[in-house]
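What follows is a single structure, written as structure tokens, with notes after it.
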Amino acid sequence: MDRAPGLSVRLKLTLSYAGFLMLASALLLATVWVFLLRYVPDRPIVGRGFVPDQSDLLDAFAPRAAIVLAFLLVFGLVGGWILAGRMLAPLTRITDATRVAASGSLSYRIRLPGSRDEFRELADAFDAMLARLETHVAEQQRFAANASHELRTPLAITQTLLEVARSDPDRDTSELVDRLHAVNARAIDLTEALLLLSRADRRSFTREHVDLSLLAEEATETLLPLAEKHGVTIETSGDITPTVGSRALLLQMTTNLLHNAIVHNLPEHGTVQVNTAIGPDSVTLSVENTGEKLTPELVSTLSEPFRRGTERIRTDQAGVGLGLAIVRSITSAHEGILALTPRVAGGLCVTVQLPAAPPTGA
């Protein structure tokens, strides 16, 4: 933004300090003068030798008062300039850090020493903002790289299949069409997942009253054929859990959690437990499944985009690697908390905590 040039803050503080000092000095001298004049006659007293009157006192006092005021003006300007410089030194460091960050270096930190005051609180807040920005940018860069890689794979497969078909025109095309259909379906699923993730990150949705327990039942009914195919038993329980948010996004979140629990389960006789609970200020949805034992280090990365957990059992329905990333984004968009905990016996427990809906009429 273009702005007209003006006085620096340091100069303004200097002038303010000097002006206040001059005003206080002038008031002090005026007070001394007023009280002194009360005891000095306004005309010469005859017969008592030399007795100064007000004019004599004015001639003696005014030049010295002017010298004192001039000295105080210089002292106020120099002292105010030095004091303002020392006081504004932290602000200079913050300004320099802002310029460094604007140039693209988000790793720079101010780390202003000293006890807490307004400048140090500003510096600490700026450091925290830079840390969040650095983390966010790094996540976005990793996401862009991973998304490009994931999208390039089906396109490369499609190109290979088309080249094979062109080099062998007499080849049966039914198998080729089936493989192209499968690859195209995967590319569409990935694109839709990326759009959904972007929508959740932008928080561009209408909020309404939603019952998580009903969404859990709907997701269970939808994925019941998939669970039967994998030999997984789904158990649901819990309370009515009213919250406020996007029904479509919260249903997608619940479906992703349940789908993830089904496909990453034991090869046979696996179980999935879906539970909803309500507290004083929040509602909770938990999805717990059996499966292979997972390390805390692996679990901490599962909600990152395109992290499928290489140690987990993979199937053809394992998805595009955005299931838990979408869950995390939807949870964050609804001011909620996502927790992933490995089960001691194997498997994973995912808990989503969202703010409870206010009472009707509140």
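Following the order of the structure tokens, first chain is A, next is B, and so on, with residues numbered from 1 inside each chain and ligands from 1 in the order they appear.
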
Worksheet item: Quick one: residues within 10 Å of range 20-36 of chain A, only C-alpha atoms counted, chain neighbours fewer than 2 positions away excluded, as a ChimeraX atom specification?
Response: /A:14-18,38-40,54,57-58,61-62,65-66,68-77,80

Range 94-213 of chain A residues near range 241-259 of chain A within 7 Å, closest pair each, using only C-alpha atoms, as a Markdown table:
```
| residue | atom | partner | partner_atom | distance |
| --- | --- | --- | --- | --- |
| A:Phe205 | CA | A:Ser246 | CA | 6.2 |
| A:Thr206 | CA | A:Ser246 | CA | 5.9 |
| A:Arg207 | CA | A:Gly245 | CA | 4.2 |
| A:Glu208 | CA | A:Gly245 | CA | 5.3 |
| A:His209 | CA | A:Val244 | CA | 4.6 |
| A:Val210 | CA | A:Thr243 | CA | 5.3 |
| A:Asp211 | CA | A:Pro242 | CA | 4.4 |
| A:Leu212 | CA | A:Thr241 | CA | 5.4 |
| A:Ser213 | CA | A:Thr241 | CA | 5.9 |
```

Take the residues just selected and output them with C-alpha atoms as an mmCIF file, in the first residue's frame.
```cif
data_model
loop_
_atom_site.group_PDB
_atom_site.id
_atom_site.type_symbol
_atom_site.label_atom_id
_atom_site.label_comp_id
_atom_site.auth_asym_id
_atom_site.auth_seq_id
_atom_site.Cartn_x
_atom_site.Cartn_y
_atom_site.Cartn_z
ATOM 1 C CA PHE A 205 -20.357 -24.860 3.848
ATOM 2 C CA THR A 206 -23.692 -24.124 5.498
ATOM 3 C CA ARG A 207 -24.024 -25.090 9.137
ATOM 4 C CA GLU A 208 -27.094 -26.883 10.467
ATOM 5 C CA HIS A 209 -28.075 -29.100 13.402
ATOM 6 C CA VAL A 210 -26.811 -32.648 12.859
ATOM 7 C CA ASP A 211 -27.050 -35.828 14.954
ATOM 8 C CA LEU A 212 -23.822 -37.827 14.705
ATOM 9 C CA SER A 213 -25.538 -41.005 15.885
#
```

Item to complete: Work out how far apart CA of Ala357 in chain A and CA of His334 in chain A are and give it in Å to one decimal.
Response: 11.5 Å

Item to complete: List every residue of range 125-332 of chain A that DSSP, applied to the backbone of this structure, places in alpha helix (DSSP H), and write the result as a ChimeraX atom specification.
Response: /A:125-167,173-202,212-230,247-263,296-299,323-332

Discussion item. Here is a test: counting only C-alpha atoms, which residue of A:Ala131, A:Ala187, A:Leu106, A:Ala89 is nearest to Arg152 in chain A?
Written reply: A:Ala187

Worksheet item: Contacts of Ser105 in chain A at 9 Å or less, counting only C-alpha atoms, minus same-chain residues fewer than 4 places along, as a PyMOL selection string?
Response: chain A and resi 100-101+134

How would the residues just picked look written out with N, CA, C and O atoms as a JSON list (two decimals), in the first residue's frame?
```
[["chain", "number", "residue", "atom", "x", "y", "z"],
["A", 100, "VAL", "N", 12.17, -10.25, 6.38],
["A", 100, "VAL", "CA", 12.77, -11.54, 6.05],
["A", 100, "VAL", "C", 11.68, -12.56, 5.68],
["A", 100, "VAL", "O", 11.80, -13.31, 4.71],
["A", 101, "ALA", "N", 10.60, -12.57, 6.48],
["A", 101, "ALA", "CA", 9.50, -13.49, 6.18],
["A", 101, "ALA", "C", 8.84, -13.15, 4.86],
["A", 101, "ALA", "O", 8.44, -14.04, 4.10],
["A", 134, "GLU", "N", 5.02, -21.76, 8.46],
["A", 134, "GLU", "CA", 6.05, -22.66, 7.92],
["A", 134, "GLU", "C", 5.52, -24.08, 7.85],
["A", 134, "GLU", "O", 5.72, -24.79, 6.85]]
```

Worksheet entry | Proximity to Ile278 in chain A - best of A:Leu338, A:Ala356, A:Ala333, A:Cys349, only C-alpha atoms |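 Ranked by minimum distance to Ile278 in chain A, first place goes to A:Ala356.
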
Quick one: residues within 12 Å of Gln159 in chain A, only C-alpha atoms, excluding same-chain residues fewer than 4 positions away - as a CSV table (one decimal) with N, CA, C and O atoms, in the first residue's frame?
```csv
chain,number,residue,atom,x,y,z
A,152,ARG,N,-0.4,-38.5,-11.5
A,152,ARG,CA,0.4,-38.9,-12.7
A,152,ARG,C,0.3,-40.4,-12.9
A,152,ARG,O,0.4,-40.9,-14.1
A,153,THR,N,0.2,-41.2,-11.8
A,153,THR,CA,0.2,-42.6,-12.0
A,153,THR,C,-1.0,-43.1,-12.9
A,153,THR,O,-0.7,-43.9,-13.8
A,154,PRO,N,-2.3,-42.8,-12.6
A,154,PRO,CA,-3.3,-43.3,-13.5
A,154,PRO,C,-3.2,-42.7,-14.9
A,154,PRO,O,-3.5,-43.4,-15.9
A,155,LEU,N,-2.7,-41.5,-15.1
A,155,LEU,CA,-2.5,-41.0,-16.4
A,155,LEU,C,-1.4,-41.7,-17.2
A,155,LEU,O,-1.5,-42.0,-18.4
A,163,GLU,N,-1.1,-46.8,-25.8
A,163,GLU,CA,0.0,-47.1,-26.7
A,163,GLU,C,0.0,-48.6,-27.1
A,163,GLU,O,0.3,-48.9,-28.3
A,164,VAL,N,-0.2,-49.4,-26.1
A,164,VAL,CA,-0.3,-50.9,-26.4
A,164,VAL,C,-1.4,-51.1,-27.5
A,164,VAL,O,-1.2,-51.9,-28.4
A,165,ALA,N,-2.6,-50.5,-27.2
A,165,ALA,CA,-3.7,-50.7,-28.2
A,165,ALA,C,-3.4,-50.2,-29.6
A,165,ALA,O,-3.7,-50.8,-30.6
A,166,ARG,N,-2.7,-49.1,-29.7
A,166,ARG,CA,-2.3,-48.5,-31.0
A,166,ARG,C,-1.3,-49.4,-31.7
A,166,ARG,O,-1.3,-49.5,-32.9
A,176,LEU,N,-8.8,-54.3,-22.5
A,176,LEU,CA,-8.3,-52.9,-22.4
A,176,LEU,C,-9.3,-51.9,-21.9
A,176,LEU,O,-9.0,-51.1,-21.0
A,179,ARG,N,-9.7,-52.3,-18.1
A,179,ARG,CA,-8.5,-51.7,-17.3
A,179,ARG,C,-8.6,-50.2,-17.4
A,179,ARG,O,-8.3,-49.5,-16.4
A,180,LEU,N,-8.9,-49.7,-18.6
A,180,LEU,CA,-9.1,-48.2,-18.7
A,180,LEU,C,-10.2,-47.7,-17.8
A,180,LEU,O,-10.1,-46.6,-17.2
A,183,VAL,N,-8.8,-47.7,-14.2
A,183,VAL,CA,-7.9,-46.6,-14.0
A,183,VAL,C,-8.6,-45.3,-13.9
A,183,VAL,O,-8.3,-44.4,-13.1
A,184,ASN,N,-9.6,-45.1,-14.8
A,184,ASN,CA,-10.3,-43.8,-14.9
A,184,ASN,C,-11.1,-43.6,-13.6
A,184,ASN,O,-11.2,-42.5,-13.1
```

Quick one: residues within 12 Å of Thr95 in chain A, only C-alpha atoms counted, chain neighbours fewer than 6 positions away excluded, as a PDB file with N, CA and C atoms, in the first residue's frame?
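To be explicit, this is the file written out as part_37.pdb:
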```pdb
ATOM      1  N   LEU A  88      12.228   1.430  21.174  1.00  0.00           N
ATOM      2  CA  LEU A  88      11.739   0.917  19.897  1.00  0.00           C
ATOM      3  C   LEU A  88      12.679  -0.104  19.259  1.00  0.00           C
ATOM      4  N   ALA A  89      13.781  -0.424  19.931  1.00  0.00           N
ATOM      5  CA  ALA A  89      14.699  -1.420  19.377  1.00  0.00           C
ATOM      6  C   ALA A  89      14.021  -2.771  19.133  1.00  0.00           C
ATOM      7  N   ALA A 101      10.600 -12.567   6.480  1.00  0.00           N
ATOM      8  CA  ALA A 101       9.496 -13.487   6.183  1.00  0.00           C
ATOM      9  C   ALA A 101       8.837 -13.150   4.859  1.00  0.00           C
ATOM     10  N   ALA A 102       8.710 -11.855   4.556  1.00  0.00           N
ATOM     11  CA  ALA A 102       8.096 -11.451   3.285  1.00  0.00           C
ATOM     12  C   ALA A 102       8.935 -11.882   2.087  1.00  0.00           C
ATOM     13  N   ARG A 109      13.262 -16.663  13.166  1.00  0.00           N
ATOM     14  CA  ARG A 109      12.531 -16.377  14.396  1.00  0.00           C
ATOM     15  C   ARG A 109      13.161 -15.181  15.100  1.00  0.00           C
ATOM     16  N   ILE A 110      12.336 -14.371  15.740  1.00  0.00           N
ATOM     17  CA  ILE A 110      12.840 -13.178  16.438  1.00  0.00           C
ATOM     18  C   ILE A 110      13.521 -13.577  17.744  1.00  0.00           C
ATOM     19  N   PHE A 119       5.973  -5.454  23.547  1.00  0.00           N
ATOM     20  CA  PHE A 119       6.792  -5.793  22.385  1.00  0.00           C
ATOM     21  C   PHE A 119       7.149  -7.274  22.372  1.00  0.00           C
ATOM     22  N   LEU A 122       4.248  -9.305  21.317  1.00  0.00           N
ATOM     23  CA  LEU A 122       4.089  -9.196  19.867  1.00  0.00           C
ATOM     24  C   LEU A 122       5.109 -10.075  19.147  1.00  0.00           C
ATOM     25  N   ALA A 123       6.358 -10.072  19.635  1.00  0.00           N
ATOM     26  CA  ALA A 123       7.394 -10.897  19.010  1.00  0.00           C
ATOM     27  C   ALA A 123       7.080 -12.381  19.161  1.00  0.00           C
ATOM     28  N   PHE A 126       4.342 -13.256  16.824  1.00  0.00           N
ATOM     29  CA  PHE A 126       4.846 -13.284  15.453  1.00  0.00           C
ATOM     30  C   PHE A 126       5.632 -14.569  15.194  1.00  0.00           C
TER      31      PHE A 126
END
```

Practice prompt. Give me, please, the distance in Å between CA of Ser148 in chain A and CA of Val350 in chain A, quoted to one decimal.
Written response: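 CA of Ser148 in chain A sits 28.2 Å away from CA of Val350 in chain A.
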
Discussion item. If we count only C-alpha atoms and set the cut-off at 8 Å, which residues sit around range 288-303 of chain A, ignoring sequence neighbours fewer than 6 positions away in its own chain? Please answer as number ranges by chain.
Written reply: A: 261-262, 264-266, 270-274, 309, 311-313, 322-325, 327-328, 340-350

Those selected residues, please, written with N, CA, C and O atoms and delivered as a CSV table (one decimal), in the first residue's frame.
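Below is the file part-v4.csv, written as the result:
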```
chain,number,residue,atom,x,y,z
A,261,ALA,N,-11.9,-48.4,8.7
A,261,ALA,CA,-11.9,-49.4,9.7
A,261,ALA,C,-12.2,-50.8,9.1
A,261,ALA,O,-11.7,-51.8,9.6
A,262,ILE,N,-13.0,-50.8,8.1
A,262,ILE,CA,-13.3,-52.1,7.4
A,262,ILE,C,-12.2,-52.7,6.6
A,262,ILE,O,-11.8,-53.8,6.7
A,264,HIS,N,-9.0,-51.9,6.6
A,264,HIS,CA,-7.7,-52.1,7.3
A,264,HIS,C,-8.0,-52.9,8.6
A,264,HIS,O,-7.9,-52.4,9.7
A,265,ASN,N,-8.5,-54.1,8.4
A,265,ASN,CA,-8.9,-55.0,9.5
A,265,ASN,C,-8.2,-56.3,9.3
A,265,ASN,O,-7.4,-56.5,8.4
A,266,LEU,N,-8.6,-57.2,10.2
A,266,LEU,CA,-8.1,-58.6,10.1
A,266,LEU,C,-8.6,-59.3,8.8
A,266,LEU,O,-9.7,-58.9,8.3
A,270,GLY,N,-13.0,-60.0,11.6
A,270,GLY,CA,-12.7,-58.7,12.2
A,270,GLY,C,-13.9,-58.0,12.7
A,270,GLY,O,-15.0,-58.3,12.4
A,271,THR,N,-13.7,-57.0,13.6
A,271,THR,CA,-14.8,-56.3,14.2
A,271,THR,C,-14.5,-54.8,14.1
A,271,THR,O,-13.4,-54.3,14.1
A,272,VAL,N,-15.6,-54.0,14.0
A,272,VAL,CA,-15.6,-52.6,14.1
A,272,VAL,C,-16.6,-52.1,15.1
A,272,VAL,O,-17.8,-52.5,15.0
A,273,GLN,N,-16.2,-51.3,16.0
A,273,GLN,CA,-17.1,-50.7,17.0
A,273,GLN,C,-17.3,-49.2,16.8
A,273,GLN,O,-16.3,-48.5,16.8
A,274,VAL,N,-18.5,-48.8,16.6
A,274,VAL,CA,-18.9,-47.4,16.4
A,274,VAL,C,-19.7,-46.9,17.6
A,274,VAL,O,-20.7,-47.5,17.9
A,309,GLY,N,-0.2,-46.1,5.4
A,309,GLY,CA,0.2,-47.0,6.5
A,309,GLY,C,0.7,-48.3,5.9
A,309,GLY,O,0.0,-49.3,5.7
A,311,GLU,N,2.4,-50.6,6.9
A,311,GLU,CA,2.4,-51.8,7.7
A,311,GLU,C,1.0,-52.4,7.9
A,311,GLU,O,0.8,-53.4,8.5
A,312,ARG,N,0.0,-51.7,7.3
A,312,ARG,CA,-1.4,-52.2,7.5
A,312,ARG,C,-1.8,-53.1,6.3
A,312,ARG,O,-1.2,-53.0,5.2
A,313,ILE,N,-2.8,-53.9,6.6
A,313,ILE,CA,-3.3,-54.8,5.6
A,313,ILE,C,-3.9,-54.0,4.4
A,313,ILE,O,-4.8,-53.2,4.7
A,322,LEU,N,-6.4,-40.5,1.1
A,322,LEU,CA,-6.9,-39.3,1.6
A,322,LEU,C,-8.0,-39.4,2.7
A,322,LEU,O,-8.6,-38.4,3.1
A,323,GLY,N,-8.3,-40.6,3.0
A,323,GLY,CA,-9.5,-40.9,3.9
A,323,GLY,C,-9.3,-40.1,5.3
A,323,GLY,O,-10.2,-39.3,5.6
A,324,LEU,N,-8.2,-40.4,6.0
A,324,LEU,CA,-8.1,-39.8,7.3
A,324,LEU,C,-7.6,-38.3,7.2
A,324,LEU,O,-7.9,-37.5,8.1
A,325,ALA,N,-7.0,-38.0,6.0
A,325,ALA,CA,-6.7,-36.6,5.8
A,325,ALA,C,-8.0,-35.8,5.7
A,325,ALA,O,-8.1,-34.6,6.2
A,327,VAL,N,-10.8,-36.6,7.0
A,327,VAL,CA,-11.4,-36.6,8.3
A,327,VAL,C,-10.8,-35.5,9.2
A,327,VAL,O,-11.5,-34.8,9.9
A,328,ARG,N,-9.5,-35.4,9.1
A,328,ARG,CA,-8.8,-34.4,9.9
A,328,ARG,C,-9.3,-33.0,9.4
A,328,ARG,O,-9.5,-32.1,10.3
A,340,LEU,N,-6.0,-40.3,17.2
A,340,LEU,CA,-5.8,-41.6,16.7
A,340,LEU,C,-4.9,-42.3,17.7
A,340,LEU,O,-3.8,-41.9,18.1
A,341,THR,N,-5.4,-43.5,18.1
A,341,THR,CA,-4.7,-44.2,19.2
A,341,THR,C,-4.6,-45.7,18.8
A,341,THR,O,-5.6,-46.3,18.4
A,342,PRO,N,-3.4,-46.3,18.8
A,342,PRO,CA,-3.2,-47.7,18.5
A,342,PRO,C,-3.8,-48.6,19.6
A,342,PRO,O,-3.6,-48.2,20.8
A,343,ARG,N,-4.5,-49.6,19.3
A,343,ARG,CA,-5.0,-50.5,20.3
A,343,ARG,C,-3.9,-51.5,20.7
A,343,ARG,O,-3.1,-51.9,19.9
A,344,VAL,N,-3.9,-51.9,21.9
A,344,VAL,CA,-2.9,-52.8,22.5
A,344,VAL,C,-3.0,-54.1,21.8
A,344,VAL,O,-2.0,-54.7,21.4
A,345,ALA,N,-4.2,-54.6,21.5
A,345,ALA,CA,-4.4,-55.9,20.9
A,345,ALA,C,-4.2,-55.8,19.4
A,345,ALA,O,-4.3,-56.9,18.7
A,346,GLY,N,-4.1,-54.7,18.8
A,346,GLY,CA,-4.0,-54.5,17.4
A,346,GLY,C,-5.1,-53.7,16.8
A,346,GLY,O,-6.3,-53.9,17.3
A,347,GLY,N,-4.9,-53.0,15.8
A,347,GLY,CA,-6.0,-52.1,15.2
A,347,GLY,C,-5.8,-50.7,15.7
A,347,GLY,O,-4.8,-50.3,16.2
A,348,LEU,N,-6.9,-49.9,15.4
A,348,LEU,CA,-6.8,-48.5,15.6
A,348,LEU,C,-8.1,-48.0,16.2
A,348,LEU,O,-9.2,-48.5,15.9
A,349,CYS,N,-8.0,-47.0,17.1
A,349,CYS,CA,-9.2,-46.3,17.6
A,349,CYS,C,-9.1,-44.9,17.2
A,349,CYS,O,-8.1,-44.2,17.6
A,350,VAL,N,-10.1,-44.4,16.5
A,350,VAL,CA,-10.2,-43.0,16.0
A,350,VAL,C,-11.3,-42.3,16.7
A,350,VAL,O,-12.4,-42.8,16.7
```
